[in-house]
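Asks: Coordinates in target_4.cif, mmCIF, C-alpha atoms, are listed below.
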```cif
data_data
loop_
_atom_site.group_PDB
_atom_site.id
_atom_site.type_symbol
_atom_site.label_atom_id
_atom_site.label_comp_id
_atom_site.auth_asym_id
_atom_site.auth_seq_id
_atom_site.Cartn_x
_atom_site.Cartn_y
_atom_site.Cartn_z
ATOM 1 C CA ALA A 1 71.382 80.312 69.387
ATOM 2 C CA ASP A 2 69.828 83.127 71.437
ATOM 3 C CA ARG A 3 72.879 85.055 72.581
ATOM 4 C CA GLU A 4 70.866 87.822 74.201
ATOM 5 C CA PHE A 5 69.058 85.390 76.490
ATOM 6 C CA SER A 6 72.386 83.778 77.360
ATOM 7 C CA ASP A 7 73.764 87.240 78.215
ATOM 8 C CA ILE A 8 70.738 87.950 80.421
ATOM 9 C CA ILE A 9 71.446 84.779 82.396
ATOM 10 C CA ASN A 10 75.091 85.814 82.827
ATOM 11 C CA TRP A 11 74.134 89.258 84.128
ATOM 12 C CA VAL A 12 71.581 87.800 86.534
ATOM 13 C CA VAL A 13 74.361 85.678 88.031
ATOM 14 C CA ASN A 14 76.591 88.752 87.994
ATOM 15 C CA ALA A 15 73.952 90.621 90.000
ATOM 16 C CA LEU A 16 74.075 87.874 92.630
ATOM 17 C CA PHE A 17 77.840 88.424 92.995
ATOM 18 C CA TYR A 18 77.323 92.174 93.189
ATOM 19 C CA GLY A 19 74.685 91.716 95.868
ATOM 20 C CA GLU A 20 77.098 89.785 98.069
ATOM 21 C CA GLU A 21 79.875 92.335 97.521
ATOM 22 C CA GLN A 22 77.579 95.193 98.551
ATOM 23 C CA GLY A 23 75.885 93.372 101.422
ATOM 24 C CA LEU A 24 72.529 93.435 99.633
ATOM 25 C CA THR A 25 70.169 90.560 100.197
ATOM 26 C CA LYS A 26 66.553 89.467 99.899
ATOM 27 C CA ASN A 27 64.237 92.460 100.263
ATOM 28 C CA ILE A 28 60.613 91.647 99.470
ATOM 29 C CA PRO A 29 59.405 95.298 99.233
ATOM 30 C CA HIS A 30 61.797 95.699 96.275
ATOM 31 C CA CYS A 31 60.756 92.430 94.663
ATOM 32 C CA HIS A 32 58.372 93.490 91.877
ATOM 33 C CA ASN A 33 57.213 91.852 88.672
ATOM 34 C CA TYR A 34 57.176 93.559 85.290
ATOM 35 C CA ALA A 35 53.411 93.987 84.977
ATOM 36 C CA ASN A 36 53.776 97.579 83.760
ATOM 37 C CA LEU A 37 56.586 96.944 81.281
ATOM 38 C CA THR A 38 55.780 98.695 77.995
ATOM 39 C CA SER A 39 58.642 97.315 75.890
ATOM 40 C CA HIS A 40 60.780 94.219 75.654
ATOM 41 C CA HIS A 41 64.230 95.800 75.660
ATOM 42 C CA VAL A 42 66.977 94.493 77.947
ATOM 43 C CA SER A 43 67.604 98.023 79.240
ATOM 44 C CA ASP A 44 64.184 97.816 80.937
ATOM 45 C CA LEU A 45 65.309 94.915 83.105
ATOM 46 C CA ASN A 46 66.574 95.460 86.643
ATOM 47 C CA PHE A 47 68.754 92.442 87.332
ATOM 48 C CA MET A 48 69.014 93.353 91.006
ATOM 49 C CA ARG A 49 65.487 92.046 91.440
ATOM 50 C CA ALA A 50 67.069 88.597 91.388
ATOM 51 C CA VAL A 51 68.798 89.573 94.645
ATOM 52 C CA TYR A 52 65.776 91.300 96.152
ATOM 53 C CA CYS A 53 63.503 88.345 95.394
ATOM 54 C CA VAL A 54 65.866 85.430 96.130
ATOM 55 C CA GLY A 55 69.012 86.677 97.892
ATOM 56 C CA ASN A 56 72.645 87.235 96.897
ATOM 57 C CA TYR A 57 75.099 84.594 95.722
ATOM 58 C CA GLY A 58 76.289 83.780 99.234
ATOM 59 C CA ASP A 59 72.731 83.407 100.477
ATOM 60 C CA ILE A 60 71.920 80.949 97.713
ATOM 61 C CA PHE A 61 75.158 79.001 97.902
ATOM 62 C CA MET A 62 75.162 78.698 101.681
ATOM 63 C CA PHE A 63 71.576 77.477 101.896
ATOM 64 C CA ASP A 64 71.852 74.310 103.964
ATOM 65 C CA ARG A 65 75.671 74.288 103.639
ATOM 66 C CA ASN A 66 78.626 74.813 105.960
ATOM 67 C CA GLN A 67 80.775 77.937 105.450
ATOM 68 C CA ASN A 68 83.886 75.766 105.028
ATOM 69 C CA THR A 69 82.498 74.234 101.830
ATOM 70 C CA ARG A 70 82.753 77.391 99.691
ATOM 71 C CA GLY A 71 86.246 76.843 98.212
ATOM 72 C CA MET A 72 86.514 78.777 94.925
ATOM 73 C CA ASN A 73 82.860 79.814 95.236
ATOM 74 C CA GLN A 74 83.639 83.043 97.071
ATOM 75 C CA ILE A 75 83.996 86.737 96.217
ATOM 76 C CA ASN A 76 87.567 87.576 95.238
ATOM 77 C CA ASN A 77 89.225 90.395 97.174
ATOM 78 C CA GLY A 78 92.488 90.643 95.297
ATOM 79 C CA THR A 79 94.015 87.166 95.070
ATOM 80 C CA GLY A 80 94.837 85.364 91.817
ATOM 81 C CA MET A 81 91.948 84.931 89.373
ATOM 82 C CA LEU A 82 93.647 83.404 86.335
ATOM 83 C CA TYR A 83 91.927 80.100 85.733
ATOM 84 C CA ALA A 84 91.506 78.317 82.405
ATOM 85 C CA THR A 85 88.156 76.643 81.943
ATOM 86 C CA PRO A 86 89.001 73.001 81.063
ATOM 87 C CA PHE A 87 89.186 72.663 77.270
ATOM 88 C CA GLY A 88 87.712 69.182 77.126
ATOM 89 C CA ASN A 89 88.063 67.346 73.807
ATOM 90 C CA LEU A 90 89.122 69.933 71.245
ATOM 91 C CA GLU A 91 89.659 67.159 68.705
ATOM 92 C CA SER A 92 85.898 66.623 68.522
ATOM 93 C CA GLY A 93 84.832 66.162 64.933
ATOM 94 C CA GLU A 94 87.744 64.256 63.373
ATOM 95 C CA ASN A 95 85.985 60.917 63.393
ATOM 96 C CA ASP A 96 82.372 62.046 63.663
ATOM 97 C CA LEU A 97 82.054 64.975 61.243
ATOM 98 C CA LYS A 98 82.477 64.460 57.512
ATOM 99 C CA ASP A 99 82.539 68.193 56.861
ATOM 100 C CA VAL A 100 85.152 69.187 59.446
ATOM 101 C CA ASP A 101 87.057 71.094 56.747
ATOM 102 C CA ASP A 102 84.033 73.309 56.136
ATOM 103 C CA ILE A 103 83.213 74.171 59.755
ATOM 104 C CA ALA A 104 84.505 77.740 59.464
ATOM 105 C CA SER A 105 83.310 78.283 55.892
ATOM 106 C CA GLY A 106 81.403 81.542 55.484
ATOM 107 C CA THR A 107 82.302 82.828 58.959
ATOM 108 C CA LEU A 108 84.390 85.833 59.949
ATOM 109 C CA LEU A 109 87.122 83.395 60.971
ATOM 110 C CA ASP A 110 87.286 82.163 57.377
ATOM 111 C CA ASP A 111 87.105 85.702 55.952
ATOM 112 C CA ILE A 112 90.020 86.916 58.076
ATOM 113 C CA ARG A 113 92.086 83.889 57.119
ATOM 114 C CA LYS A 114 91.500 84.584 53.403
ATOM 115 C CA ARG A 115 92.210 88.305 53.870
ATOM 116 C CA GLY A 116 95.588 87.490 55.360
ATOM 117 C CA SER A 117 95.614 89.916 58.263
ATOM 118 C CA LEU A 118 93.752 90.731 61.468
ATOM 119 C CA ASN A 119 92.397 94.216 62.129
ATOM 120 C CA CYS A 120 92.794 94.878 65.835
ATOM 121 C CA GLY A 121 91.601 98.035 67.569
ATOM 122 C CA VAL A 122 93.365 99.077 70.773
ATOM 123 C CA VAL A 123 91.883 101.548 73.248
ATOM 124 C CA ASP A 124 94.360 103.909 74.902
ATOM 125 C CA PHE A 125 93.700 104.467 78.602
ATOM 126 C CA ASP A 126 95.138 107.086 80.906
ATOM 127 C CA GLY A 127 96.785 106.308 84.223
ATOM 128 C CA ASP A 128 99.796 104.544 85.671
ATOM 129 C CA ILE A 129 99.260 101.257 83.815
ATOM 130 C CA ALA A 130 98.445 102.820 80.419
ATOM 131 C CA THR A 131 101.748 102.031 78.665
ATOM 132 C CA ASN A 132 101.976 98.544 80.128
ATOM 133 C CA LEU A 133 98.362 97.737 79.335
ATOM 134 C CA ASP A 134 98.727 99.025 75.785
ATOM 135 C CA GLY A 135 101.701 96.733 75.204
ATOM 136 C CA LEU A 136 99.957 93.782 76.823
ATOM 137 C CA SER A 137 96.839 94.317 74.705
ATOM 138 C CA LYS A 138 98.796 94.515 71.457
ATOM 139 C CA GLU A 139 100.627 91.345 72.436
ATOM 140 C CA PHE A 140 97.328 89.512 72.749
ATOM 141 C CA CYS A 141 96.419 90.740 69.256
ATOM 142 C CA ARG A 142 99.724 89.372 67.919
ATOM 143 C CA THR A 143 99.106 86.116 69.747
ATOM 144 C CA LEU A 144 95.696 85.918 68.115
ATOM 145 C CA ALA A 145 97.279 86.586 64.717
ATOM 146 C CA ALA A 146 99.800 83.811 65.317
ATOM 147 C CA GLY A 147 96.916 81.417 65.984
ATOM 148 C CA LEU A 148 95.075 82.572 62.868
ATOM 149 C CA PHE A 149 97.967 82.548 60.409
ATOM 150 C CA ASN A 150 100.165 79.546 61.211
ATOM 151 C CA GLY A 151 102.427 81.446 63.579
ATOM 152 C CA ASN A 152 102.656 84.710 61.616
ATOM 153 C CA TYR A 153 102.245 87.140 64.509
ATOM 154 C CA GLU A 154 103.011 90.109 62.248
ATOM 155 C CA ALA A 155 99.805 89.605 60.227
ATOM 156 C CA VAL A 156 97.941 92.207 62.273
ATOM 157 C CA LYS A 157 97.027 95.839 61.675
ATOM 158 C CA PHE A 158 96.542 98.062 64.721
ATOM 159 C CA LEU A 159 93.988 100.857 64.858
ATOM 160 C CA PRO A 160 94.302 103.101 67.952
ATOM 161 C CA PHE A 161 91.303 104.626 69.705
ATOM 162 C CA LEU A 162 91.125 107.109 72.559
ATOM 163 C CA HIS A 163 88.973 106.003 75.454
ATOM 164 C CA SER A 164 87.483 109.484 75.603
ATOM 165 C CA ASP A 165 86.334 109.318 71.956
ATOM 166 C CA ASN A 166 83.927 106.456 72.650
ATOM 167 C CA ILE A 167 83.957 105.408 68.980
ATOM 168 C CA SER A 168 85.872 102.153 69.275
ATOM 169 C CA PHE A 169 82.694 100.065 69.531
ATOM 170 C CA ASP A 170 81.308 101.841 66.455
ATOM 171 C CA ALA A 171 84.369 100.656 64.540
ATOM 172 C CA LEU A 172 83.861 97.111 65.802
ATOM 173 C CA ASN A 173 80.169 97.293 65.017
ATOM 174 C CA ASN A 174 80.635 98.368 61.388
ATOM 175 C CA GLY A 175 83.440 95.921 60.639
ATOM 176 C CA THR A 176 86.321 98.409 60.476
ATOM 177 C CA ILE A 177 88.063 96.193 63.028
ATOM 178 C CA ASP A 178 87.652 92.484 63.765
ATOM 179 C CA VAL A 179 88.506 92.581 67.456
ATOM 180 C CA LEU A 180 88.868 95.313 70.064
ATOM 181 C CA ALA A 181 91.535 95.034 72.755
ATOM 182 C CA SER A 182 92.229 96.925 75.966
ATOM 183 C CA VAL A 183 88.510 97.388 76.495
ATOM 184 C CA ARG A 184 86.684 97.147 79.800
ATOM 185 C CA VAL A 185 83.858 94.653 80.081
ATOM 186 C CA GLU A 186 80.718 96.766 80.441
ATOM 187 C CA GLN A 187 77.115 95.687 80.526
ATOM 188 C CA GLU A 188 75.860 98.435 78.228
ATOM 189 C CA TYR A 189 77.890 96.993 75.331
ATOM 190 C CA ASP A 190 76.889 93.386 75.951
ATOM 191 C CA PHE A 191 73.395 93.906 74.537
ATOM 192 C CA VAL A 192 71.865 95.514 71.472
ATOM 193 C CA SER A 193 71.515 99.203 72.310
ATOM 194 C CA SER A 194 69.223 101.983 71.200
ATOM 195 C CA THR A 195 72.185 103.661 69.463
ATOM 196 C CA SER A 196 72.119 100.976 66.758
ATOM 197 C CA LEU A 197 75.060 99.093 68.229
ATOM 198 C CA GLN A 198 74.639 95.350 68.187
ATOM 199 C CA GLY A 199 75.624 93.329 71.224
ATOM 200 C CA PHE A 200 79.271 92.371 71.688
ATOM 201 C CA HIS A 201 81.025 89.351 73.114
ATOM 202 C CA PHE A 202 83.776 89.774 75.706
ATOM 203 C CA SER A 203 86.467 87.137 76.059
ATOM 204 C CA THR A 204 87.751 85.842 79.360
ATOM 205 C CA PRO A 205 89.614 88.859 80.841
ATOM 206 C CA TYR A 206 93.369 89.003 80.292
ATOM 207 C CA TYR A 207 93.957 91.762 82.853
ATOM 208 C CA TYR A 208 92.235 92.568 86.152
ATOM 209 C CA GLY A 209 92.396 95.867 87.999
ATOM 210 C CA ASN A 210 93.447 96.072 91.640
ATOM 211 C CA GLU A 211 90.286 97.780 92.878
ATOM 212 C CA SER A 212 88.545 96.337 95.927
ATOM 213 C CA ALA A 213 85.614 93.994 95.368
ATOM 214 C CA GLY A 214 82.447 96.046 95.018
ATOM 215 C CA ASP A 215 84.336 99.100 93.733
ATOM 216 C CA ASP A 216 83.733 98.456 90.025
ATOM 217 C CA VAL A 217 86.813 96.314 89.375
ATOM 218 C CA SER A 218 88.249 96.693 85.868
ATOM 219 C CA PHE A 219 88.093 93.632 83.615
ATOM 220 C CA PHE A 220 90.090 94.110 80.394
ATOM 221 C CA SER A 221 89.089 91.800 77.595
ATOM 222 C CA LEU A 222 89.007 91.168 73.852
ATOM 223 C CA ALA A 223 85.673 92.235 72.351
ATOM 224 C CA THR A 224 84.116 90.784 69.199
ATOM 225 C CA ARG A 225 80.748 91.099 67.486
ATOM 226 C CA GLU A 226 78.131 88.682 68.704
ATOM 227 C CA ASP A 227 76.848 87.930 65.207
ATOM 228 C CA ASP A 228 79.679 85.451 64.621
ATOM 229 C CA VAL A 229 79.847 82.918 67.425
ATOM 230 C CA MET A 230 82.712 80.946 65.889
ATOM 231 C CA PHE A 231 85.148 83.852 65.727
ATOM 232 C CA ALA A 232 84.173 84.988 69.236
ATOM 233 C CA SER A 233 84.811 81.430 70.461
ATOM 234 C CA PHE A 234 88.173 81.297 68.671
ATOM 235 C CA VAL A 235 89.298 84.570 70.259
ATOM 236 C CA ASN A 236 88.249 83.356 73.694
ATOM 237 C CA CYS A 237 89.989 80.019 73.153
ATOM 238 C CA VAL A 238 93.300 81.691 72.275
ATOM 239 C CA SER A 239 93.037 84.011 75.273
ATOM 240 C CA LEU A 240 92.346 81.065 77.582
ATOM 241 C CA ALA A 241 95.207 79.125 76.003
ATOM 242 C CA THR A 242 97.772 81.508 77.516
ATOM 243 C CA VAL A 243 96.466 80.754 81.016
ATOM 244 C CA TYR A 244 96.154 77.043 80.232
ATOM 245 C CA ALA A 245 99.805 77.082 79.144
ATOM 246 C CA GLN A 246 100.884 78.587 82.445
ATOM 247 C CA GLU A 247 98.823 76.064 84.410
ATOM 248 C CA LYS A 248 100.425 73.183 82.507
ATOM 249 C CA GLY A 249 103.965 74.577 82.498
ATOM 250 C CA VAL A 250 103.958 75.127 78.729
ATOM 251 C CA GLN A 251 106.188 77.903 77.385
ATOM 252 C CA LYS A 252 107.520 78.956 73.994
ATOM 253 C CA MET A 253 110.163 76.240 73.962
ATOM 254 C CA ASN A 254 107.683 73.396 74.527
ATOM 255 C CA SER A 255 104.611 74.837 72.812
ATOM 256 C CA GLU A 256 104.119 71.520 70.980
ATOM 257 C CA GLU A 257 102.560 70.275 74.212
ATOM 258 C CA MET A 258 99.512 72.465 73.618
ATOM 259 C CA PRO A 259 96.488 70.454 72.454
ATOM 260 C CA SER A 260 95.510 70.380 68.812
ATOM 261 C CA VAL A 261 92.032 71.656 68.029
ATOM 262 C CA LEU A 262 89.556 70.643 65.320
ATOM 263 C CA ILE A 263 86.432 72.450 66.491
ATOM 264 C CA PHE A 264 87.290 75.348 64.163
ATOM 265 C CA GLY A 265 88.241 73.144 61.198
ATOM 266 C CA ARG A 266 91.491 71.518 60.124
ATOM 267 C CA ASP A 267 93.008 74.816 58.959
ATOM 268 C CA PHE A 268 93.188 75.853 62.605
ATOM 269 C CA ARG A 269 94.221 72.508 64.078
ATOM 270 C CA TRP A 270 97.517 73.844 65.422
ATOM 271 C CA ALA A 271 96.229 77.319 66.296
ATOM 272 C CA LEU A 272 96.924 77.046 70.025
ATOM 273 C CA ARG A 273 100.416 75.675 69.471
ATOM 274 C CA ASP A 274 101.172 78.455 66.997
ATOM 275 C CA ALA A 275 99.831 81.076 69.413
ATOM 276 C CA ILE A 276 101.896 79.860 72.377
ATOM 277 C CA ALA A 277 104.986 79.285 70.193
ATOM 278 C CA TYR A 278 104.934 83.056 69.690
ATOM 279 C CA SER A 279 103.701 84.452 72.991
ATOM 280 C CA GLY A 280 104.523 81.802 75.544
ATOM 281 C CA SER A 281 102.362 81.408 78.627
ATOM 282 C CA TYR A 282 100.407 84.192 80.307
ATOM 283 C CA GLY A 283 103.236 84.607 82.801
ATOM 284 C CA GLN A 284 105.733 85.177 79.997
ATOM 285 C CA ILE A 285 103.465 87.734 78.344
ATOM 286 C CA TYR A 286 102.813 89.569 81.601
ATOM 287 C CA LYS A 287 106.485 89.721 82.528
ATOM 288 C CA LYS A 288 107.320 91.235 79.144
ATOM 289 C CA TYR A 289 105.188 94.308 79.850
ATOM 290 C CA PHE A 290 105.038 94.423 83.655
ATOM 291 C CA ASN A 291 108.593 93.318 84.399
ATOM 292 C CA ASN A 292 108.823 95.826 87.255
ATOM 293 C CA VAL A 293 105.927 94.161 89.103
ATOM 294 C CA ALA A 294 106.991 91.403 91.486
ATOM 295 C CA ALA A 295 105.134 88.099 91.172
ATOM 296 C CA GLU A 296 103.601 88.508 94.619
ATOM 297 C CA ASP A 297 102.311 91.971 93.684
ATOM 298 C CA ARG A 298 100.371 90.968 90.572
ATOM 299 C CA GLY A 299 97.109 90.891 92.470
ATOM 300 C CA ARG A 300 94.385 89.108 90.518
ATOM 301 C CA ASN A 301 96.715 88.587 87.548
ATOM 302 C CA ARG A 302 98.098 85.411 89.072
ATOM 303 C CA LEU A 303 97.052 81.797 88.746
ATOM 304 C CA ASN A 304 94.252 80.621 90.959
ATOM 305 C CA ASN A 305 95.704 77.132 91.316
ATOM 306 C CA LYS A 306 95.065 76.643 95.015
ATOM 307 C CA GLY A 307 91.298 76.857 95.029
ATOM 308 C CA GLY A 308 91.085 80.496 96.091
ATOM 309 C CA PRO A 309 88.041 82.794 95.629
ATOM 310 C CA GLN A 310 87.132 83.084 91.949
ATOM 311 C CA PHE A 311 83.996 85.245 91.671
ATOM 312 C CA LEU A 312 83.689 88.983 91.150
ATOM 313 C CA SER A 313 80.982 91.167 89.655
ATOM 314 C CA GLN A 314 81.701 92.864 86.342
ATOM 315 C CA SER A 315 80.914 96.481 85.585
ATOM 316 C CA PHE A 316 77.252 97.433 86.060
ATOM 317 C CA SER A 317 76.519 100.418 83.862
ATOM 318 C CA MET A 318 72.763 100.221 83.401
ATOM 319 C CA ILE A 319 71.518 97.895 86.091
ATOM 320 C CA PHE A 320 69.876 100.445 88.380
ATOM 321 C CA HIS A 321 66.916 102.597 87.379
#
```
Could you spell out this file's structure in structure tokens?

Replies:
Amino acid sequence: ADREFSDIINWVVNALFYGEEQGLTKNIPHCHNYANLTSHHVSDLNFMRAVYCVGNYGDIFMFDRNQNTRGMNQINNGTGMLYATPFGNLESGENDLKDVDDIASGTLLDDIRKRGSLNCGVVDFDGDIATNLDGLSKEFCRTLAAGLFNGNYEAVKFLPFLHSDNISFDALNNGTIDVLASVRVEQEYDFVSSTSLQGFHFSTPYYYGNESAGDDVSFFSLATREDDVMFASFVNCVSLATVYAQEKGVQKMNSEEMPSVLIFGRDFRWALRDAIAYSGSYGQIYKKYFNNVAAEDRGRNRLNNKGGPQFLSQSFSMIFH
């Protein structure tokens, strides 16, 4: 699969959200083609041309529609954003695939399982939420370990990194760590860069900042290397499972209600149940580290179960030039 092209599509859509947040819209004088492009590197692309040539997300969505039809398709200004993409049939493969046991063979997922422990890097941030975020991030690493190793949440080794050092992605890139937690989703790390870093995959965010829309809202996520789609998908699935559990009222005590999953092979069939048996739902995890924050003050870190605004642009670090 062409992950880079998929990432380009995602950032084009992201630019449409950003355009609406900033009040930017169709502007033909700024709508240029790439006739003079001398290379074929993603850093040469200006995704805002999608807005200048076509319009922002609101312009496109509202074409020939009534404002009252937007529902979740609106820019989020601080309400709950936790929403688990429907899992669908995670049992796919049991009756149709003869080699379901070998699905993960030769992948990083299989290598980590054989190694017996997960190497998780954690970036230390400064500020008021630093301690809480550090604890929350490590908890997601333990939850991931529980899913990987039949409930053994202690099968994880933590490697700390200072945000100011800017070497955490180097460690992920060279295989020193398998996953990087407490990291902000940033465009410059999503693609192969000129500094020899390969592109990285960011999971669904597990913590959102309280900045206003359009003010570079922080998305904290689990980052993995893009060269192994299966492990990246597994990490994302476990992260989503915590939100799914909260949506469905599943907690530690009734974790057996989590769906079984065969898309990663039979060895990981009960991965989601094992993960939630340790961590509980997202709400339980959050309360453990942000117990002093009232439910109504959690901002975007609440369920979006009433059809509220769901869209928000992620960090643009190299979009303008």

Asks: Tell me, in Å to one decimal, how far CA of Tyr289 (chain A) is from CA of Phe161 (chain A).

Replies: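 We find that CA of Tyr289 (chain A) and CA of Phe161 (chain A) lie 20.1 Å from each other.
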
Asks: Given only C-alpha atoms as the basis, pick out the residue of A:Val156, A:Lys26, A:Asn305, A:Cys31 nearest to Thr143 (chain A).

Replies: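 Using only C-alpha atoms, Thr143 (chain A) sits closest to A:Val156.
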
Asks: Suppose you want the space between CA of Thr204 (chain A) and CA of Leu222 (chain A); what is it in Å?

Replies: 7.8 Å

Asks: Output the residue selection produced by the PyMOL selection byres ((chain A and resi 225) around 10) on the file above, formatted as a JSON list (two decimals) with C-alpha atoms, in the frame of the given file.

Replies:
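The resulting file, expr04.json, is shown below:
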```json
[["chain", "number", "residue", "atom", "x", "y", "z"],
["A", 108, "LEU", "CA", 84.39, 85.83, 59.95],
["A", 169, "PHE", "CA", 82.69, 100.06, 69.53],
["A", 172, "LEU", "CA", 83.86, 97.11, 65.80],
["A", 173, "ASN", "CA", 80.17, 97.29, 65.02],
["A", 174, "ASN", "CA", 80.64, 98.37, 61.39],
["A", 175, "GLY", "CA", 83.44, 95.92, 60.64],
["A", 177, "ILE", "CA", 88.06, 96.19, 63.03],
["A", 178, "ASP", "CA", 87.65, 92.48, 63.76],
["A", 179, "VAL", "CA", 88.51, 92.58, 67.46],
["A", 180, "LEU", "CA", 88.87, 95.31, 70.06],
["A", 190, "ASP", "CA", 76.89, 93.39, 75.95],
["A", 197, "LEU", "CA", 75.06, 99.09, 68.23],
["A", 198, "GLN", "CA", 74.64, 95.35, 68.19],
["A", 199, "GLY", "CA", 75.62, 93.33, 71.22],
["A", 200, "PHE", "CA", 79.27, 92.37, 71.69],
["A", 201, "HIS", "CA", 81.03, 89.35, 73.11],
["A", 202, "PHE", "CA", 83.78, 89.77, 75.71],
["A", 223, "ALA", "CA", 85.67, 92.24, 72.35],
["A", 224, "THR", "CA", 84.12, 90.78, 69.20],
["A", 226, "GLU", "CA", 78.13, 88.68, 68.70],
["A", 227, "ASP", "CA", 76.85, 87.93, 65.21],
["A", 228, "ASP", "CA", 79.68, 85.45, 64.62],
["A", 229, "VAL", "CA", 79.85, 82.92, 67.42],
["A", 231, "PHE", "CA", 85.15, 83.85, 65.73],
["A", 232, "ALA", "CA", 84.17, 84.99, 69.24]]
```

Asks: May I ask for the distance between CA of Gly19 (chain A) and CA of Pro205 (chain A), given in Å to one decimal place?

Replies: 21.4 Å

Asks: Please write the residues picked by the PyMOL selection byres ((chain A and resi 58) around 9) on this file as a list in words.

Replies: Leu16, Phe17, Gly19, Glu20, Gly55, Asn56, Tyr57, Asp59, Ile60, Phe61, Met62, Phe63, Asn73, Gln74 and Ile75 of chain A

Asks: Since we have the selection now, will you write its residues out, keeping C-alpha atoms, as a short mmCIF file (atom, residue, chain, number, x, y, z; two decimals), in the frame of the given file?

Replies:
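Now in part_8.cif:
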```cif
data_model
loop_
_atom_site.label_atom_id
_atom_site.label_comp_id
_atom_site.auth_asym_id
_atom_site.auth_seq_id
_atom_site.Cartn_x
_atom_site.Cartn_y
_atom_site.Cartn_z
CA LEU A 16 74.08 87.87 92.63
CA PHE A 17 77.84 88.42 93.00
CA GLY A 19 74.68 91.72 95.87
CA GLU A 20 77.10 89.78 98.07
CA GLY A 55 69.01 86.68 97.89
CA ASN A 56 72.64 87.24 96.90
CA TYR A 57 75.10 84.59 95.72
CA ASP A 59 72.73 83.41 100.48
CA ILE A 60 71.92 80.95 97.71
CA PHE A 61 75.16 79.00 97.90
CA MET A 62 75.16 78.70 101.68
CA PHE A 63 71.58 77.48 101.90
CA ASN A 73 82.86 79.81 95.24
CA GLN A 74 83.64 83.04 97.07
CA ILE A 75 84.00 86.74 96.22
#
```

Asks: Please list as number ranges by chain every residue within 12 Å of His32 (chain A), counting only C-alpha atoms and excluding residues in the same chain fewer than 3 positions away.

Replies: A: 27-29, 35-37, 45-54
